[in-house]
Amino acid sequence: MAILRKSKLPWFPAIDPDACRADLRCMSFCPQEVFVWNRETGRPTVAHPQRCLPGCQICVDVCQTGALTLPERDEFQSAMERLRQPVDKRHLYIAYRRPETPSAAAPNRPGARGKETSN
Ligand code: SF4
């Protein structure tokens, strides 16, 4: 089984500041609110790259100056294959194994192993 972490996928736009006209089209059309307005530069910035949807390219399509770029398909594809490598099962075992001895705090709970008490 492979686990893909969205935060590790290299899919988010880059802005060429020289080409950006700050017309806000990317901010208006992005369904994920990846961009925020930067007062200091007077342009949008990619503030939340982890929100970007892999495969989406709405912002690139609506930008009239070509200021936005996304990763090349080959680059994205090879990153996906790298991330799809099987997870080392020893780490899963360590993360999810149950305690081998019953909890000392609740010795009489139903189903607990250990010394039974009778009244
Ligand atoms: S690719 Fe789509 S989700 Fe990502 S920033 Fe552009 S419009 Fe938003």
# chains A, B, ... in the order shown; residues from 1 in each chain; ligands from 1
>>> residues_near_ligand(ligand="ligand 1", cutoff="6 Å", atoms="only C-alpha atoms and all ligand atoms", output="list of chain:residue names")
A:Phe12, A:Pro13, A:Cys30, A:Pro31, A:Gln32, A:Val34, A:Cys52, A:Leu53, A:Cys56, A:Gln57, A:Ile58, A:Cys59
>>> residues_around(residues="Ala14 of chain A", least_positions_apart="4", cutoff="7 Å", atoms="only C-alpha atoms", output="PyMOL selection string")
chain A and resi 68-70
>>> residues_around(residues="Pro10 of chain A", least_positions_apart="5", cutoff="9 Å", atoms="only C-alpha atoms", output="tab-separated table (two decimals) with N, CA and C atoms, in the first residue's frame")
chain	number	residue	atom	x	y	z
A	49	PRO	N	0.42	26.92	-1.14
A	49	PRO	CA	0.67	25.97	-2.23
A	49	PRO	C	0.10	24.58	-1.95
A	50	GLN	N	-0.01	24.21	-0.69
A	50	GLN	CA	-0.52	22.88	-0.36
A	50	GLN	C	-2.00	22.72	-0.69
A	54	PRO	N	-3.79	18.99	-7.66
A	54	PRO	CA	-2.98	18.37	-8.72
A	54	PRO	C	-3.79	18.17	-9.99
A	71	PRO	N	4.34	22.90	-12.72
A	71	PRO	CA	5.39	21.92	-13.06
A	71	PRO	C	5.10	21.22	-14.38
A	75	GLU	N	7.85	16.01	-14.77
A	75	GLU	CA	8.35	16.26	-13.41
A	75	GLU	C	7.32	15.81	-12.37
A	76	PHE	N	6.07	16.15	-12.63
A	76	PHE	CA	5.00	15.76	-11.72
A	76	PHE	C	4.84	14.24	-11.68
A	79	ALA	N	7.58	12.55	-9.70
A	79	ALA	CA	7.39	12.76	-8.27
A	79	ALA	C	6.30	11.85	-7.73
A	80	MET	N	5.23	11.66	-8.51
A	80	MET	CA	4.15	10.75	-8.11
A	80	MET	C	4.67	9.33	-7.97
>>> residues_around(residues="Gln77 of chain A", least_positions_apart="5", cutoff="12 Å", atoms="only C-alpha atoms", output="list of chain:residue names")
A:Leu9, A:Pro10, A:Trp11, A:Pro54, A:Gly55, A:Pro71, A:Glu72, A:Arg82, A:Leu83, A:Arg84
>>> write_last_selection(atoms="C-alpha atoms", output="PDB file, in the first residue's frame")
ATOM      1  CA  LEU A   9       3.260  16.763  -4.295  1.00  0.00           C
ATOM      2  CA  PRO A  10       5.137  19.395  -6.295  1.00  0.00           C
ATOM      3  CA  TRP A  11       2.013  20.886  -7.874  1.00  0.00           C
ATOM      4  CA  PRO A  54      -2.978  18.372  -8.715  1.00  0.00           C
ATOM      5  CA  GLY A  55      -3.926  18.516 -12.382  1.00  0.00           C
ATOM      6  CA  PRO A  71       5.390  21.923 -13.056  1.00  0.00           C
ATOM      7  CA  GLU A  72       6.000  20.006 -16.266  1.00  0.00           C
ATOM      8  CA  ARG A  82       8.616   8.320  -6.225  1.00  0.00           C
ATOM      9  CA  LEU A  83       5.909   8.963  -3.631  1.00  0.00           C
ATOM     10  CA  ARG A  84       4.053   5.774  -4.559  1.00  0.00           C
TER      11      ARG A  84
END
